[in-house]
>>> print(open('target_36.txt').read())   # compact mmCIF, C-alpha atoms and all ligand atoms
# COMPACT_ATOMS: atom_id res chain seq x y z
CA MET A 22 0.00 0.00 0.00
CA GLN A 23 2.77 2.35 1.10
CA GLN A 24 4.69 1.53 -2.04
CA LYS A 25 1.69 2.23 -4.22
CA LYS A 26 1.23 5.62 -2.60
CA SER A 27 4.79 6.73 -3.25
CA ALA A 28 4.58 5.48 -6.82
CA VAL A 29 1.59 7.71 -7.30
CA ARG A 30 3.47 10.61 -5.79
CA VAL A 31 6.41 10.13 -8.17
CA ASP A 32 3.98 10.00 -11.02
CA ILE A 33 2.41 13.26 -9.90
CA LEU A 34 5.80 14.89 -9.56
CA MET A 35 6.73 13.73 -13.05
CA SER A 36 3.51 15.13 -14.42
CA CYS A 37 4.14 18.46 -12.72
CA LEU A 38 7.63 18.59 -14.18
CA LEU A 39 6.24 17.66 -17.57
CA ALA A 40 3.65 20.37 -17.28
CA LEU A 41 6.31 22.90 -16.32
CA THR A 42 8.42 21.95 -19.33
CA LEU A 43 5.37 22.18 -21.50
CA ILE A 44 4.43 25.59 -20.17
CA SER A 45 7.88 27.09 -20.41
CA GLY A 46 7.86 25.88 -24.02
CA TYR A 47 5.35 28.44 -25.14
CA LYS A 48 6.51 31.55 -23.35
CA LYS A 49 6.45 34.55 -25.61
CA ILE A 50 7.12 38.22 -25.46
CA GLU A 51 4.03 40.29 -24.92
CA SER A 52 3.47 43.89 -25.83
CA ILE A 53 4.79 46.70 -23.68
CA ALA A 54 1.29 47.79 -22.83
CA ASN A 55 0.66 44.65 -20.80
CA GLN A 56 3.68 45.00 -18.56
CA THR A 57 3.71 46.19 -15.00
CA PHE A 58 6.78 48.28 -14.57
CA GLY A 59 9.35 47.88 -11.83
CA THR A 60 12.70 49.55 -11.25
CA PRO A 61 15.41 48.04 -13.41
CA ASP A 62 18.72 47.30 -11.82
CA ILE A 63 21.28 48.16 -14.48
CA ILE A 64 24.93 47.74 -13.71
CA ILE A 65 26.82 50.11 -15.92
CA GLN A 66 30.35 48.87 -15.17
CA ASP A 67 30.41 45.10 -15.15
CA LYS A 68 33.75 43.34 -15.70
CA ASN A 69 31.99 40.06 -16.51
CA ASN A 70 29.76 41.66 -19.09
CA PRO A 71 31.62 44.61 -20.60
CA VAL A 72 29.09 45.15 -23.41
CA ILE A 73 25.96 46.98 -22.26
CA PHE A 74 23.20 47.96 -24.68
CA GLY A 75 25.68 47.04 -27.41
CA PHE A 76 28.38 49.44 -26.15
CA ASP A 77 31.73 48.11 -24.96
CA THR A 78 32.33 49.79 -21.61
CA GLY A 79 36.06 49.62 -22.32
CA ASN A 80 35.55 52.28 -24.99
CA TYR A 81 32.30 53.93 -23.96
CA HIS A 82 31.22 55.70 -20.82
CA LEU A 83 27.59 55.31 -19.78
CA SER A 84 25.83 57.45 -17.20
CA THR A 85 22.29 56.88 -15.97
CA PHE A 86 19.54 59.46 -15.41
CA THR A 87 15.85 59.40 -14.62
CA VAL A 88 13.33 61.17 -16.86
CA SER A 89 11.83 64.04 -14.91
CA LYS A 90 8.31 65.34 -15.39
CA GLY A 91 7.85 67.20 -18.66
CA GLU A 92 11.34 66.31 -19.89
CA VAL A 93 11.59 65.58 -23.62
CA LEU A 94 14.31 63.84 -25.60
CA GLY A 95 15.09 66.95 -27.67
CA GLU A 96 16.01 68.79 -24.49
CA ILE A 97 18.20 65.96 -23.23
CA LEU A 98 19.98 65.74 -26.58
CA SER A 99 20.52 69.46 -26.77
CA GLU A 100 21.97 69.53 -23.24
CA ASN A 101 24.39 66.83 -24.35
CA GLY A 102 25.80 68.80 -27.20
CA ILE A 103 23.66 67.52 -30.08
CA GLY A 104 22.85 70.08 -32.75
CA SER A 105 19.29 70.95 -33.72
CA ASP A 106 19.57 69.47 -37.25
CA VAL A 107 20.61 66.08 -35.82
CA ILE A 108 17.84 66.31 -33.20
CA HIS A 109 15.35 66.98 -35.97
CA MET A 110 16.58 63.94 -37.90
CA ILE A 111 16.34 61.76 -34.77
CA GLU A 112 12.80 62.92 -34.10
CA LYS A 113 11.78 62.15 -37.68
CA LYS A 114 13.42 58.71 -37.77
CA ALA A 115 12.20 57.76 -34.31
CA ALA A 116 8.54 58.30 -35.17
CA ASP A 117 8.21 54.80 -36.69
CA ILE A 118 10.31 52.97 -34.11
CA PHE A 119 9.89 54.59 -30.72
CA SER A 120 8.72 58.17 -30.73
CA VAL A 121 10.81 60.63 -28.73
CA THR A 122 7.59 62.06 -27.30
CA LYS A 123 6.86 58.82 -25.44
CA LEU A 124 9.39 59.40 -22.64
CA ARG A 125 7.77 58.75 -19.28
CA PRO A 126 8.75 60.44 -16.02
CA GLY A 127 10.51 58.04 -13.68
CA ARG A 128 11.96 55.80 -16.40
CA GLU A 129 15.72 55.64 -16.90
CA TYR A 130 17.92 56.74 -19.76
CA HIS A 131 21.65 56.44 -20.33
CA ILE A 132 23.97 58.88 -22.02
CA VAL A 133 26.71 57.16 -23.99
CA LYS A 134 29.99 59.04 -24.56
CA THR A 135 33.45 58.07 -25.71
CA ASP A 136 34.93 59.90 -22.73
CA SER A 137 33.22 61.82 -19.98
CA CYS A 138 33.66 65.29 -21.49
CA SER A 139 32.81 64.77 -25.18
CA HIS A 140 29.41 65.07 -26.83
CA ALA A 141 26.99 62.20 -26.43
CA CYS A 142 27.23 59.62 -29.21
CA ALA A 143 24.10 57.69 -28.26
CA ILE A 144 21.20 57.71 -25.82
CA VAL A 145 19.53 54.60 -24.49
CA TYR A 146 16.02 54.88 -23.12
CA GLU A 147 14.21 52.11 -21.22
CA PRO A 148 10.44 52.31 -21.68
CA SER A 149 10.04 49.10 -19.65
CA PRO A 150 12.29 46.61 -17.87
CA LEU A 151 11.79 44.40 -20.91
CA HIS A 152 12.64 46.94 -23.62
CA TYR A 153 15.24 49.54 -24.47
CA VAL A 154 15.65 51.93 -27.37
CA VAL A 155 19.06 52.94 -28.68
CA TYR A 156 19.22 56.33 -30.37
CA ASP A 157 22.62 56.04 -31.95
CA PHE A 158 24.19 59.03 -33.77
CA ARG A 159 27.79 57.97 -34.02
CA ASP A 160 27.94 58.09 -37.83
CA SER A 161 24.49 58.38 -39.28
CA VAL A 162 21.38 58.31 -37.09
CA THR A 163 20.12 54.79 -36.30
CA ILE A 164 17.32 53.95 -33.92
CA ASN A 165 16.52 50.47 -32.69
CA LEU A 166 14.10 49.01 -30.17
CA TYR A 167 15.40 45.90 -28.39
CA GLU A 168 13.70 43.28 -26.26
CA ARG A 169 15.57 41.69 -23.39
CA ALA A 170 15.44 38.01 -22.68
CA PHE A 171 13.11 37.25 -19.80
CA GLU A 172 12.40 34.22 -17.72
CA THR A 173 8.96 32.86 -17.01
CA CYS A 174 8.36 31.24 -13.66
CA ILE A 175 5.31 29.32 -12.60
CA GLU A 176 3.72 30.50 -9.36
CA THR A 177 0.61 29.65 -7.42
CA ALA A 178 -1.85 31.33 -5.08
CA SER A 179 -4.84 30.09 -3.16
CA GLY A 180 -7.24 31.19 -0.52
CA GLU A 181 -10.61 31.18 1.05
CA ILE A 182 -12.88 34.16 0.51
CA ASN A 183 -13.43 36.20 3.66
CA SER A 184 -14.84 39.39 2.25
CA SER A 185 -14.22 39.72 -1.46
CA LEU A 186 -12.00 37.93 -3.95
CA TRP A 187 -10.19 41.21 -4.44
CA ASN A 188 -9.42 41.60 -0.70
CA THR A 189 -8.42 37.98 -0.26
CA LEU A 190 -5.94 38.14 -3.13
CA SER A 191 -4.50 41.50 -2.17
CA GLU A 192 -4.04 40.33 1.44
CA GLN A 193 -1.76 37.69 -0.02
CA GLY A 194 0.10 40.21 -2.16
CA VAL A 195 -1.19 38.68 -5.37
CA ASN A 196 -1.25 40.92 -8.46
CA PRO A 197 -4.84 42.11 -9.02
CA ALA A 198 -4.39 41.36 -12.73
CA ILE A 199 -5.06 37.74 -11.72
CA ILE A 200 -8.59 38.62 -10.69
CA ASP A 201 -9.16 40.01 -14.14
CA LYS A 202 -7.80 36.87 -15.76
CA MET A 203 -9.74 34.63 -13.40
CA GLU A 204 -12.91 36.40 -14.41
CA ASP A 205 -12.12 35.66 -18.06
CA ALA A 206 -11.11 32.10 -17.30
CA MET A 207 -14.33 31.30 -15.46
CA ALA A 208 -16.72 33.67 -17.18
CA SER A 209 -19.30 30.97 -17.83
CA SER A 210 -19.13 29.10 -14.53
CA VAL A 211 -18.53 31.57 -11.67
CA ASP A 212 -20.30 34.83 -10.97
CA PHE A 213 -17.63 36.92 -9.27
CA TYR A 214 -20.22 39.51 -8.26
CA HIS A 215 -21.76 36.97 -5.90
CA THR A 216 -18.79 35.37 -4.21
CA GLN A 217 -19.63 33.93 -0.79
CA LYS A 218 -17.62 33.75 2.41
CA GLY A 219 -16.03 30.29 2.42
CA ASP A 220 -15.62 30.01 -1.35
CA GLN A 221 -12.19 28.65 -2.21
CA PHE A 222 -9.87 29.35 -5.10
CA LYS A 223 -6.51 28.24 -6.43
CA VAL A 224 -4.55 29.63 -9.36
CA VAL A 225 -1.41 28.69 -11.30
CA PHE A 226 0.08 31.54 -13.28
CA GLU A 227 3.22 32.81 -14.96
CA LYS A 228 5.42 35.58 -13.67
CA LYS A 229 8.07 37.23 -15.81
CA TYR A 230 11.53 38.14 -14.61
CA VAL A 231 14.42 40.07 -16.16
CA ASP A 232 17.73 39.59 -14.31
CA GLY A 233 15.88 38.31 -11.26
CA GLN A 234 13.54 41.33 -11.13
CA GLU A 235 9.85 40.65 -11.39
CA ILE A 236 8.48 42.59 -14.33
CA GLY A 237 4.90 41.41 -14.54
CA MET A 238 2.30 38.73 -14.93
CA GLY A 239 2.15 36.26 -17.74
CA LYS A 240 -0.71 33.92 -18.46
CA LEU A 241 -3.07 32.43 -15.96
CA ILE A 242 -2.43 28.74 -16.66
CA GLY A 243 -5.19 27.23 -14.61
CA ALA A 244 -7.80 28.15 -12.05
CA TYR A 245 -9.95 26.31 -9.56
CA TYR A 246 -12.96 27.73 -7.79
CA LYS A 247 -15.21 26.01 -5.28
CA ASN A 248 -18.54 27.45 -4.28
CA ASP A 249 -22.08 26.28 -3.40
CA ALA A 250 -22.55 25.07 -6.96
CA GLY A 251 -19.51 22.79 -6.77
CA SER A 252 -15.91 22.68 -8.00
CA HIS A 253 -14.96 24.49 -11.19
CA TYR A 254 -11.76 24.11 -13.17
CA SER A 255 -10.54 26.29 -15.98
CA VAL A 256 -7.45 25.62 -18.04
CA TYR A 257 -5.59 27.70 -20.58
CA TYR A 258 -5.15 25.69 -23.75
CA GLU A 259 -3.49 26.58 -27.01
CA ASN A 260 -3.38 24.35 -30.08
CA GLY A 261 -3.96 25.65 -33.58
CA GLU A 262 -7.38 27.21 -33.80
CA TYR A 263 -8.05 26.51 -30.12
CA LYS A 264 -6.74 29.21 -27.88
CA GLY A 265 -8.08 30.37 -24.57
CA TYR A 266 -9.70 29.09 -21.40
CA TYR A 267 -11.68 25.88 -21.35
CA ASP A 268 -13.67 24.19 -18.62
CA TYR A 269 -13.24 20.62 -17.40
CA GLN A 270 -15.26 19.21 -20.30
CA GLY A 271 -13.40 21.25 -22.89
CA ARG A 272 -16.10 23.87 -23.38
CA PRO A 273 -14.87 27.41 -24.01
CA ALA A 274 -14.99 29.43 -20.78
CA LYS A 275 -16.14 32.37 -22.80
CA SER A 276 -19.87 32.55 -22.23
CA THR A 277 -22.38 33.88 -24.73
CA PHE A 278 -22.93 36.83 -22.39
CA LEU A 279 -20.44 38.43 -20.00
CA LYS A 280 -21.78 38.71 -16.47
CA SER A 281 -21.36 42.48 -16.37
CA PRO A 282 -20.65 45.43 -18.69
CA VAL A 283 -17.86 46.86 -16.48
CA LYS A 284 -14.92 45.26 -14.72
CA PHE A 285 -13.97 45.64 -11.05
CA THR A 286 -17.17 47.23 -9.89
CA ARG A 287 -20.04 46.56 -7.56
CA ILE A 288 -23.74 46.31 -8.17
CA SER A 289 -25.15 49.48 -6.64
CA SER A 290 -28.77 48.63 -7.34
CA GLY A 291 -30.18 45.33 -8.55
CA PHE A 292 -33.10 44.45 -10.78
CA ASN A 293 -36.12 45.17 -8.58
CA MET A 294 -39.80 45.36 -9.45
CA ARG A 295 -40.54 47.59 -6.41
CA ARG A 296 -37.70 50.02 -6.02
CA PHE A 297 -38.02 53.42 -4.36
CA HIS A 298 -36.55 55.79 -6.94
CA PRO A 299 -33.99 58.14 -5.28
CA ILE A 300 -34.67 61.08 -7.62
CA ARG A 301 -38.36 60.72 -8.38
CA ARG A 302 -39.08 59.75 -4.74
CA THR A 303 -41.70 57.16 -5.61
CA THR A 304 -41.86 53.40 -6.18
CA ILE A 305 -40.89 52.60 -9.76
CA PRO A 306 -39.72 49.17 -10.90
CA HIS A 307 -36.00 49.13 -11.63
CA LEU A 308 -35.74 47.06 -14.78
CA GLY A 309 -31.97 47.10 -14.88
CA THR A 310 -28.88 46.39 -12.84
CA ASP A 311 -26.75 49.37 -11.82
CA TYR A 312 -22.99 49.05 -11.68
CA ALA A 313 -21.24 51.91 -9.90
CA ALA A 314 -17.88 52.82 -11.43
CA PRO A 315 -15.72 55.95 -11.75
CA TYR A 316 -16.36 58.42 -14.59
CA GLY A 317 -14.68 57.28 -17.78
CA THR A 318 -14.53 53.53 -16.93
CA PRO A 319 -14.87 51.59 -20.19
CA ILE A 320 -18.26 49.95 -20.76
CA ARG A 321 -18.01 46.72 -22.75
CA ALA A 322 -20.48 44.89 -24.96
CA VAL A 323 -21.53 41.75 -23.07
CA ALA A 324 -21.85 39.78 -26.32
CA ASP A 325 -21.27 40.09 -30.07
CA GLY A 326 -23.94 42.22 -31.70
CA VAL A 327 -24.97 45.20 -33.77
CA VAL A 328 -25.60 48.73 -32.46
CA GLU A 329 -29.32 49.34 -32.79
CA GLU A 330 -29.38 52.71 -31.03
CA ALA A 331 -26.68 55.14 -29.89
CA ALA A 332 -28.82 58.03 -28.75
CA TYR A 333 -29.80 60.45 -25.99
CA THR A 334 -33.01 60.77 -23.99
CA GLY A 335 -33.82 62.80 -20.88
CA ASN A 336 -34.04 59.72 -18.66
CA ASN A 337 -31.44 57.43 -20.20
CA GLY A 338 -28.89 60.11 -20.97
CA ARG A 339 -26.42 58.89 -23.59
CA TYR A 340 -27.10 55.21 -24.16
CA VAL A 341 -26.38 52.31 -26.50
CA LYS A 342 -28.69 49.46 -27.34
CA LEU A 343 -27.30 46.32 -28.94
CA ARG A 344 -29.11 43.54 -30.80
CA HIS A 345 -27.41 40.16 -30.24
CA ASP A 346 -29.76 37.76 -31.97
CA LYS A 347 -33.48 37.28 -32.56
CA VAL A 348 -34.10 36.93 -28.81
CA TYR A 349 -31.68 39.15 -26.90
CA GLN A 350 -30.86 42.85 -26.75
CA THR A 351 -28.83 44.75 -24.15
CA GLN A 352 -28.84 48.42 -23.24
CA TYR A 353 -26.29 50.60 -21.43
CA LEU A 354 -27.45 53.91 -19.93
CA HIS A 355 -26.03 57.19 -18.54
CA MET A 356 -22.82 57.09 -20.61
CA GLN A 357 -20.39 59.98 -20.48
CA GLY A 358 -19.64 59.34 -24.15
CA TYR A 359 -19.53 56.68 -26.85
CA ALA A 360 -16.40 54.84 -27.88
CA SER A 361 -15.17 55.91 -31.29
CA GLY A 362 -17.06 54.36 -34.19
CA ILE A 363 -20.07 53.41 -32.09
CA ARG A 364 -23.15 54.39 -34.08
CA ARG A 365 -26.28 52.73 -35.43
CA GLY A 366 -25.34 49.71 -37.53
CA THR A 367 -21.81 49.19 -36.10
CA ARG A 368 -20.88 45.55 -35.42
CA VAL A 369 -19.33 44.97 -32.01
CA LYS A 370 -17.48 42.02 -30.48
CA GLN A 371 -17.94 40.67 -26.98
CA GLY A 372 -15.79 42.68 -24.56
CA GLN A 373 -15.34 45.60 -26.98
CA THR A 374 -15.56 49.06 -25.39
CA ILE A 375 -18.70 50.79 -26.58
CA GLY A 376 -18.73 53.81 -24.27
CA TYR A 377 -17.62 55.26 -20.95
CA VAL A 378 -19.29 55.48 -17.54
CA GLY A 379 -21.00 58.78 -16.82
CA SER A 380 -24.09 60.19 -15.18
CA THR A 381 -26.00 61.67 -18.11
CA GLY A 382 -29.81 61.64 -17.91
CA LEU A 383 -31.54 60.75 -14.66
CA ALA A 384 -28.63 59.56 -12.51
CA THR A 385 -27.37 60.48 -9.03
CA GLY A 386 -23.76 59.50 -9.69
CA PRO A 387 -21.49 57.74 -12.18
CA HIS A 388 -22.82 54.28 -13.02
CA VAL A 389 -24.07 52.11 -15.87
CA CYS A 390 -27.67 51.04 -15.78
CA PHE A 391 -27.52 47.75 -17.63
CA ARG A 392 -30.74 46.46 -19.20
CA PHE A 393 -31.27 43.04 -20.63
CA TRP A 394 -34.07 42.42 -23.09
CA LYS A 395 -35.48 39.00 -23.95
CA ASN A 396 -38.08 38.88 -26.73
CA GLY A 397 -38.68 42.61 -26.27
CA ARG A 398 -39.23 42.45 -22.49
CA GLN A 399 -36.77 43.47 -19.80
CA VAL A 400 -35.52 40.63 -17.59
CA ASN A 401 -32.97 40.18 -14.81
CA HIS A 402 -29.88 38.96 -16.69
CA LEU A 403 -28.41 37.39 -13.54
CA ARG A 404 -31.37 34.99 -13.44
CA GLU A 405 -31.14 33.96 -17.08
CA VAL A 406 -29.79 30.49 -17.84
CA PHE A 407 -27.91 30.36 -21.11
CA GLN A 408 -27.05 27.32 -23.17
CA PRO A 409 -23.52 26.18 -22.29
CA ALA A 410 -21.06 26.53 -25.15
CA LYS A 411 -20.30 23.39 -27.18
CA PRO A 412 -17.13 21.44 -26.31
CA MET A 413 -14.32 21.31 -28.84
CA PRO A 414 -14.67 18.47 -31.40
CA GLU A 415 -14.03 14.84 -30.41
CA ASN A 416 -10.70 14.63 -32.20
CA GLU A 417 -9.26 17.53 -30.19
CA LEU A 418 -10.50 16.32 -26.80
CA PRO A 419 -7.85 13.64 -26.03
CA ASN A 420 -5.11 16.21 -26.48
CA PHE A 421 -6.98 18.72 -24.36
CA PHE A 422 -7.73 16.19 -21.59
CA GLU A 423 -4.07 15.24 -21.39
CA HIS A 424 -3.12 18.88 -20.91
CA ARG A 425 -6.04 19.54 -18.54
CA ASP A 426 -5.07 16.63 -16.29
CA LYS A 427 -1.54 17.96 -15.87
CA ILE A 428 -2.85 21.37 -14.85
CA LYS A 429 -5.45 19.78 -12.58
CA ILE A 430 -2.71 17.89 -10.73
CA MET A 431 -0.86 21.16 -10.22
CA LEU A 432 -4.01 22.87 -8.94
CA ASP A 433 -4.96 19.98 -6.66
CA HIS A 434 -1.51 20.10 -5.06
CA ILE A 435 -1.67 23.75 -4.07
CA PRO A 436 -2.33 23.90 -0.32
CA LEU A 437 -5.19 26.13 0.63
CA GLU A 438 -3.89 29.33 2.23
CA GLY A 439 -5.65 31.96 4.24
CA ASP A 440 -8.11 29.43 5.63
CA ALA A 441 -9.85 31.26 8.47
CA SER A 442 -10.59 28.00 10.34
CA GLY A 443 -6.84 27.36 10.60
CA VAL A 444 -7.19 23.78 9.36
ZN ZN B 1 -30.59 51.59 -13.26
>>> encode(input="target_36.txt", output="structure tokens")
Amino acid sequence: MQQKKSAVRVDILMSCLLALTLISGYKKIESIANQTFGTPDIIIQDKNNPVIFGFDTGNYHLSTFTVSKGEVLGEILSENGIGSDVIHMIEKKAADIFSVTKLRPGREYHIVKTDSCSHACAIVYEPSPLHYVVYDFRDSVTINLYERAFETCIETASGEINSSLWNTLSEQGVNPAIIDKMEDAMASSVDFYHTQKGDQFKVVFEKKYVDGQEIGMGKLIGAYYKNDAGSHYSVYYENGEYKGYYDYQGRPAKSTFLKSPVKFTRISSGFNMRRFHPIRRTTIPHLGTDYAAPYGTPIRAVADGVVEEAAYTGNNGRYVKLRHDKVYQTQYLHMQGYASGIRRGTRVKQGQTIGYVGSTGLATGPHVCFRFWKNGRQVNHLREVFQPAKPMPENELPNFFEHRDKIKIMLDHIPLEGDASGV
């Protein structure tokens, strides 16, 4: 018996290692926009690595500065002895590669000189710990954007919900970007607006490092969530045309309708047939669900559809109404403004920004009043039961199940942290 147990354990360990190899196999460089920035730790004089940003420190002298507020590259160049005609050429050439106007306060740049008192012969700017731009004007002007090699590590987090998922994760120092990804990964199975005390979650995700410095989140590889309705697994899977989060049975996690039109918010007023209206001071049914959010928060289409109305009325303020199919329409009220291109007849994709949170029309503060229409009548979307998405075809399933099982083993082996009962 004992022997059998340890054999199982070895098998599990092997599977985990296999999974890790598998996962590190598809790491890729993501766009700058998705990175969380940290402070890079650049060693300018390093005997073991004399070439920095392509400059041999035996011949070149590099000094490091931090971009101050309002500082522009032209100014920096001019202060370092570069003439206005060269600056103009740099600005023109840089436009396609990395515009000189994109310098951000707090980021570092390096002045490269042949000796400490000559004119600068190049400037290196680091827009992120993962990227650097070399503005080189030694002979002619050349500008190049480089990506550093980064490492992807697999990390885990788990917990039991005490107040909100957000609080539980932040208590553990987990990047809030995970919550966002978890919402995507379990869009069809878990309603994160109705998490309950005692719900449990576990996540396996990637973290990216450059020279040992954490630079941001990678993919969420797998997620587990246990609530009243049972245990839910979601796994990231990528193979040819299949790419994204899938549930245990191999059904896409993407549901036909997103649970809410705004991220990271709270329901400030639910669908209620007998609500006391705060402005009109009388009982009027509230045929929508209100989500409070700051002015300007993007409002997203909860499903693919066509814009049927993008208009203004005294009560609704600026609003958009979408037609999804023969049965369903959704409506978004009190917008501050529409997203560009949103007008009658525009096709929109699920998750696409259609407008921004405001308080136009009859509204006490910034929120979206979200209305869900079924066969021309308004219903409570949180009570609607939608057809689950179809699983991937039979011939893809064995491959998926093999991958899923590896991730499941990883998830099942994460100890549950933050358990209030102390068990
Ligand atoms: Zn409302």
>>> closest_residue(input="target_36.txt", among="A:Asn396, A:Thr351, A:Ser290, A:Asn401", to="ligand ZN 1 (chain B)", atoms="only C-alpha atoms and all ligand atoms")
A:Ser290
>>> residues_near_ligand(input="target_36.txt", ligand="ligand ZN 1 (chain B)", cutoff="8 Å", atoms="all atoms listed in the file", output="list of chain:residue names")
A:Ser290, A:Gly291, A:Phe292, A:His307, A:Leu308, A:Gly309, A:Thr310, A:Asp311, A:Leu354, A:Val389, A:Cys390, A:Phe391, A:Arg392
>>> atom_distance(input="target_36.txt", atom1="CA of Val225 in chain A", atom2="CA of Pro148 in chain A")
28.4 Å
>>> residues_around(input="target_36.txt", residues="range 269-275 of chain A", least_positions_apart="2", cutoff="12 Å", atoms="only C-alpha atoms", output="ChimeraX atom specification")
/A:202-211,243-246,252-259,263-267,277-280,323-325,371-372,408-426,428-429
>>> residues_around(input="target_36.txt", residues="Pro126 in chain A", least_positions_apart="2", cutoff="10 Å", atoms="only C-alpha atoms", output="VMD selection string")
chain A and resid 87 to 93 123 to 124 128 to 129
>>> closest_residue(input="target_36.txt", among="A:Arg339, A:Lys284, A:His298, A:His152", to="Ile363 in chain A", atoms="all atoms listed in the file")
A:Arg339
>>> closest_residue(input="target_36.txt", among="A:Lys370, A:Arg364, A:Arg296, A:Lys229", to="Ala170 in chain A", atoms="only C-alpha atoms")
A:Lys229
>>> closest_residue(input="target_36.txt", among="A:Ser380, A:Gln352, A:Lys223, A:Ile305", to="Gly326 in chain A", atoms="only C-alpha atoms")
A:Gln352
>>> closest_residue(input="target_36.txt", among="A:Ile103, A:Val406, A:Ile111, A:Val224", to="Asp433 in chain A", atoms="all atoms listed in the file")
A:Val224
>>> residues_near_point(input="target_36.txt", point="(3.9, 31.8, -18.0)", cutoff="8 Å", atoms="only C-alpha atoms", output="ChimeraX atom specification")
/A:44-45,48,173-175,226-229,238-242
>>> write_last_selection(input="target_36.txt", atoms="C-alpha atoms", output="compact mmCIF listing (two decimals), keeping the file's coordinate frame")
# COMPACT_ATOMS: atom_id res chain seq x y z
CA ILE A 44 4.43 25.59 -20.17
CA SER A 45 7.88 27.09 -20.41
CA LYS A 48 6.51 31.55 -23.35
CA THR A 173 8.96 32.86 -17.01
CA CYS A 174 8.36 31.24 -13.66
CA ILE A 175 5.31 29.32 -12.60
CA PHE A 226 0.08 31.54 -13.28
CA GLU A 227 3.22 32.81 -14.96
CA LYS A 228 5.42 35.58 -13.67
CA LYS A 229 8.07 37.23 -15.81
CA MET A 238 2.30 38.73 -14.93
CA GLY A 239 2.15 36.26 -17.74
CA LYS A 240 -0.71 33.92 -18.46
CA LEU A 241 -3.07 32.43 -15.96
CA ILE A 242 -2.43 28.74 -16.66
>>> closest_residue(input="target_36.txt", among="A:Pro387, A:Pro306, A:Gly358, A:Pro282", to="Ala331 in chain A", atoms="all atoms listed in the file")
A:Gly358
>>> atom_distance(input="target_36.txt", atom1="CA of Tyr81 in chain A", atom2="CA of Tyr146 in chain A")
16.3 Å
>>> atom_distance(input="target_36.txt", atom1="CA of Glu329 in chain A", atom2="CA of Arg398 in chain A")
15.9 Å
>>> residues_near_point(input="target_36.txt", point="(14.8, 46.4, -27.2)", cutoff="10 Å", atoms="only C-alpha atoms", output="VMD selection string")
chain A and resid 74 145 to 155 165 to 170
>>> axis_aligned_box(input="target_36.txt", around="range 379-388 of chain A", padding_each_side="3 Å", output="AutoDock Vina command-line options")
--center_x -26.3 --center_y 58.0 --center_z -13.6 --size_x 16.5 --size_y 13.4 --size_z 15.1
